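See below for the structure under consideration.
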Amino acid sequence: MRRVLGERALWILIACIVIFFSPALLGSTFFFRDLYLLFYGKKVLFAEALRQGQIPLWDPLMHGGQPFLNEPANSPFYPFNVLFLVLPILTAFNLLLVLQFVICALSAYFLGRAIGRSTVAAFVTGVVYTFCGYVLSSANLLVLLQSTAWAPALLASVHLLMRERRKRWFVAAAVFGALHLVGGSAEMAAVSFALAVAWMLVVPAEVPLSRRLAYAGLVVGFAASLSLMQTLPAYEVIRNSSRSEKRDYFTFTQWSVAPQRLPELVIPRFFGRTDTLARNDYWGWRYELGYPYIISIYFGVSALLLTIGGLTSPLLPRSGRIILGGFIAGGLLFCMGGWLPFFHLFYEHVPLVGIFRFPVKALQFTLVPIALASGAGVDAWPGRRTILAAAAAATLLAILTIGFRGAIARALFDPLPPAASTELARSFIHATVAAGLFVAACASKRKTAIATVVLLDLTFAGAQVNPYAPRELFDRPPLAGKVRALIGDGQKLYRTGDPYVRKLNAPSNENVWLAWWDIQLLSRYTAATFGIPIVFNDDYDGLAPIRMAHMGTAVEKLPWQNRLNVLSAAGASAILTPDVIASPDVDRVETLRSASGAPLFLYRNRASSPLRFATGAVVMSDDFQAFQRLAQNFDPNVVILSEGAPSTSQPRNPATIKTLHRTMNEWTVDVTTSEAGYLVFAETWYPGWQMTIDGRRVPMLRADVSFSAAAVPAGHHIVSKRYRPPLVFAGLAASVFAALILAFWRVRQ
C-alpha cells in the first residue's frame, strides 16, 4: 500500500477529483435533494452538540423527538465526522463529501494494483468507479456514498489476504468492512460483503476451501463486531420504525429502472435533465416516480467495452471473471424490479430483498465489477477485435444520432416535450464522439490515450449530476427567528406542505431555487436545520418512531378542528400552513408568500404546552381508538394512557410546573401539586428513557398515543427523564473489545 501511494498515476487521479469538485472547495456548496432536506441539518445538530460538550444520544428536533446516535442514517461513528469539530460546519460538510470521492478513487486504484494491473489500468479502474453516474449520484445520498467509498478496498484486502495470508490484510479487510457498515448504508455493505466472500471462496484457486471459509467467516465476523457500536443500536431503531413493516409491492418497486432507460448506460441524460426546475426537461417521469432516485446510471461506451474486454481476457482468473460477470448481469437485471414479470414472486419469497428499499439500488452490484473489469480491459487491449467492436459501436451511435434519434424519442416519450430534441441531440452526439475517440485511442495502441478518453467521457457526462449553490443558501432565514420566538422552550412547529410543485415562483430555471424556497419557508425538514423542533413531518427515510409516523399520516387527513386537538397534545405552538384556520385558540401572527406566490400563514396555537399536569386519565390500549378520542376532544386535564388505572378526579388547585434543566438527553422538572396525577411530556415515548421522581426510578408511561408521562403523587417533587439507550453502550463496548482483540493479535509475534 505504501508503494501504491507513491505512484504518479494515483496522484493525477486525485488531482482530477479535486479539480472536478473544486466549486465545493472554493466557496460553493453541495445542496441537492437529501443534502439540504436531511443530511446537512443532522450534521449541524451533531457538530453543535459535541461543541457544547453533549453526546447527541437523542434528537429533539425531528418527529417530536427520536434517537440520534442509534440512527444509521446519521452515521455518528463515521471517522471523518471529526471534521465538524475543527472546521466551520458548512466547510466540513463539503470537505466530507469531496473526501468520499477521493476515497473512492484511492480504494478503486488500490484494488486495480492489488489484482496485478498496471498503473494506467488502475487509473482507469479509479476513474470508472469514481465518476460513473451511480457513484456521482450518491453525493445527495450521503450514507450511500460513505459506504460505497470502501467497497473496492475491501475486495482488494481480501484478495491480498488470500494470496499472501498476512495479518495486515486481515486487519485491513476487517476495518474496511466495518467502515462500510458505519458509513450507514446496509444494502451497499451487503453487496460488498457478498462480492468479497464470493471472491475469497474461489480466488485464488490454490488455497484450500476450508481455509477460505475460515478466513471469510473471520473477516465478516470481525467487521461486524467492530461496527456493533452502530449496527446494534440501529437494530432497535429499525425495529421501532416503519422499516420493520414490510412495504407493499407498489411502494417497493416505485423506483425501478425501466427497460427504456437502459440506453442511459451509454447515452447520458437519455431521459432528460435532472438539474432544472422545469418538469418538461425530464421526460422520463412517465417511467419513474416523477423523478429518478438515482440521478444518472451512465457508464459510457468506453468503460463498458473495456469491461467486456476484461471479462473475456485471461488477465483475470476464470473464476473471478465468472463472479464479476454474474454480479454485473444480476445488477442490470434486478434493477428493473417491477418491470420484470417474475419480480413479484421474487419480492414475496426471497428473504432480505427489502433491504434495498428500491430496485434501482441493485445497480450497486455492478459498480466494483465494472470498474475492475474495465481496468483489466485496458491491459488486455487494444486488439483488432476491440477496435472493430468500438468502431461498430461508434458507427451505430452515429447512425442513430443522424437518422433515428427523433424516431426513438417519439416512440418512447410521445408526446415529446419541445426541449427534448435539442437535449437528446447533445446526448447522442456526446456518446458518438466518445465512442469515436475511443476507437482512435485503441488504434493508437496507447494505454494513456484510452485512459484519457474514459476520463473525459465520464467527467463531461457527470458535470450536471451534482449542481452547486452559493453557501449563503444555508444562512438562517428571517422566518426561523419568528418561529423560534413562538415556540419557546420545548414546543414545536407543525408545517403542512405547499401546493407549488408546478407553480414555483423562481427567477430562473436553476433547481437551487426549490431548495432556497424550502429553506426560507422552513418547508419539509429544513426547520430542524436551524434548531426548530418539528412534529408530524413526513417519514422521509422510514426511520421515524413508528407511532409518530402513523400519527403524522393520520393528522394530515383530519379537518383543522380535530387536527388542532392532536397538535395541542403534541406541543405544537407554531403552525405554518397555506390553509385558513378559524379557532379561538389560534392567532394569526403573520401572512407570508409561499413559493407559488400564494398566501402562507403563521399561527400561534395557545392551547399547546410542552408540559402539562393531568389528574384525569383514561386507559385505551388500542392506538387507533386512542387517536380518535384525542382528535375528537383534547382536554389538558385528562391524559390517555396505553396501560394503568383510569382516574376521573378533577384538580382543585392547578399544579405548578417549572423546567429546571433541559438538554438533548435530559429533562428535569420541578412539580408542586395538591393532588396526585400525571406529568405529561409532549415528547416521543421511546425505549431507553428512564424516569425518576426525587431520584427514585418510576415507569415511564406511554401517553396520548405516542408521548410520555409519569405518575406523580401529591406534593413537591423533582421529576427527571434521561435517555440512556442500553444498546448504544453495549454496542460501543463490544466494538472496543473487538478492536482490542484485533490489535493484540496483530502485534503478537
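Ordering of the C-alpha cells sets the chain letters (A, B, ...); residue numbers start at 1 within each chain; ligands are numbered from 1 in the order shown.
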- Per DSSP on the backbone, filter range 41-185 of chain A down to the residues in helix (DSSP H, G or I) and report them as an MDAnalysis selection string. chainID A and resid 41:51 72:74 79:86 89:114 119:131 133:140 142:148 151:164 167:183
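By chain and then residue number, the residues within 6 Å of range 695-704 of chain A are Ile640, Leu641, Ser642, Trp685, Met691, Ser708, Ala709 and Ala710 of chain A, counting only C-alpha atoms and disregarding those fewer than 4 positions away in sequence.
Between CA of Leu372 in chain A and CA of Thr125 in chain A lies a distance of 5.6 Å.
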Proximity check range 13-108 of chain A to range 449-469 of chain A, 7 Å, nearest pairs one decimal Å, only C-alpha atoms, as CSV:
```
residue,atom,partner,partner_atom,distance
A:Ser28,CA,A:Ala469,CA,5.5
A:Thr29,CA,A:Ala469,CA,5.4
A:Phe30,CA,A:Tyr468,CA,5.2
A:Phe31,CA,A:Tyr468,CA,6.5
A:Phe32,CA,A:Pro467,CA,6.7
```
Using only C-alpha atoms, which protein or nucleic acid residues come within 9 Å of Asp34 in chain A? Drop anything in the same chain fewer than 6 positions from it, and give the result as a PDB file with N, CA, C and O atoms, in the first residue's frame.
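This went into out_11.pdb:
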```
ATOM      1  N   TYR A  40     -27.651  17.714   5.914  1.00  0.00           N
ATOM      2  CA  TYR A  40     -26.938  18.879   6.446  1.00  0.00           C
ATOM      3  C   TYR A  40     -27.457  19.235   7.835  1.00  0.00           C
ATOM      4  O   TYR A  40     -26.671  19.515   8.751  1.00  0.00           O
ATOM      5  N   ASN A 140     -25.859  12.995  -3.159  1.00  0.00           N
ATOM      6  CA  ASN A 140     -27.026  13.510  -2.440  1.00  0.00           C
ATOM      7  C   ASN A 140     -27.685  12.448  -1.579  1.00  0.00           C
ATOM      8  O   ASN A 140     -28.744  12.692  -1.000  1.00  0.00           O
ATOM      9  N   LEU A 141     -27.057  11.280  -1.491  1.00  0.00           N
ATOM     10  CA  LEU A 141     -27.492  10.208  -0.584  1.00  0.00           C
ATOM     11  C   LEU A 141     -26.275   9.854   0.268  1.00  0.00           C
ATOM     12  O   LEU A 141     -25.652   8.817   0.093  1.00  0.00           O
ATOM     13  N   LEU A 142     -25.924  10.731   1.186  1.00  0.00           N
ATOM     14  CA  LEU A 142     -24.612  10.736   1.828  1.00  0.00           C
ATOM     15  C   LEU A 142     -24.210   9.386   2.391  1.00  0.00           C
ATOM     16  O   LEU A 142     -23.064   8.950   2.220  1.00  0.00           O
TER      17      LEU A 142
END
```
- Message: I'd like to know which of A:Leu265, A:Ile12, A:Leu333, A:Val353 is closest to Leu304 in chain A, using only C-alpha atoms.
- Response: A:Leu265
- Shell around Thr366 in chain A at 12 Å using only C-alpha atoms, local window under 4 positions removed, as an MDAnalysis selection string: chainID A and resid 128:129 132:135 148 151:152 188 191:192 195 265 297:299 304 307 323:335 360:362 370:374
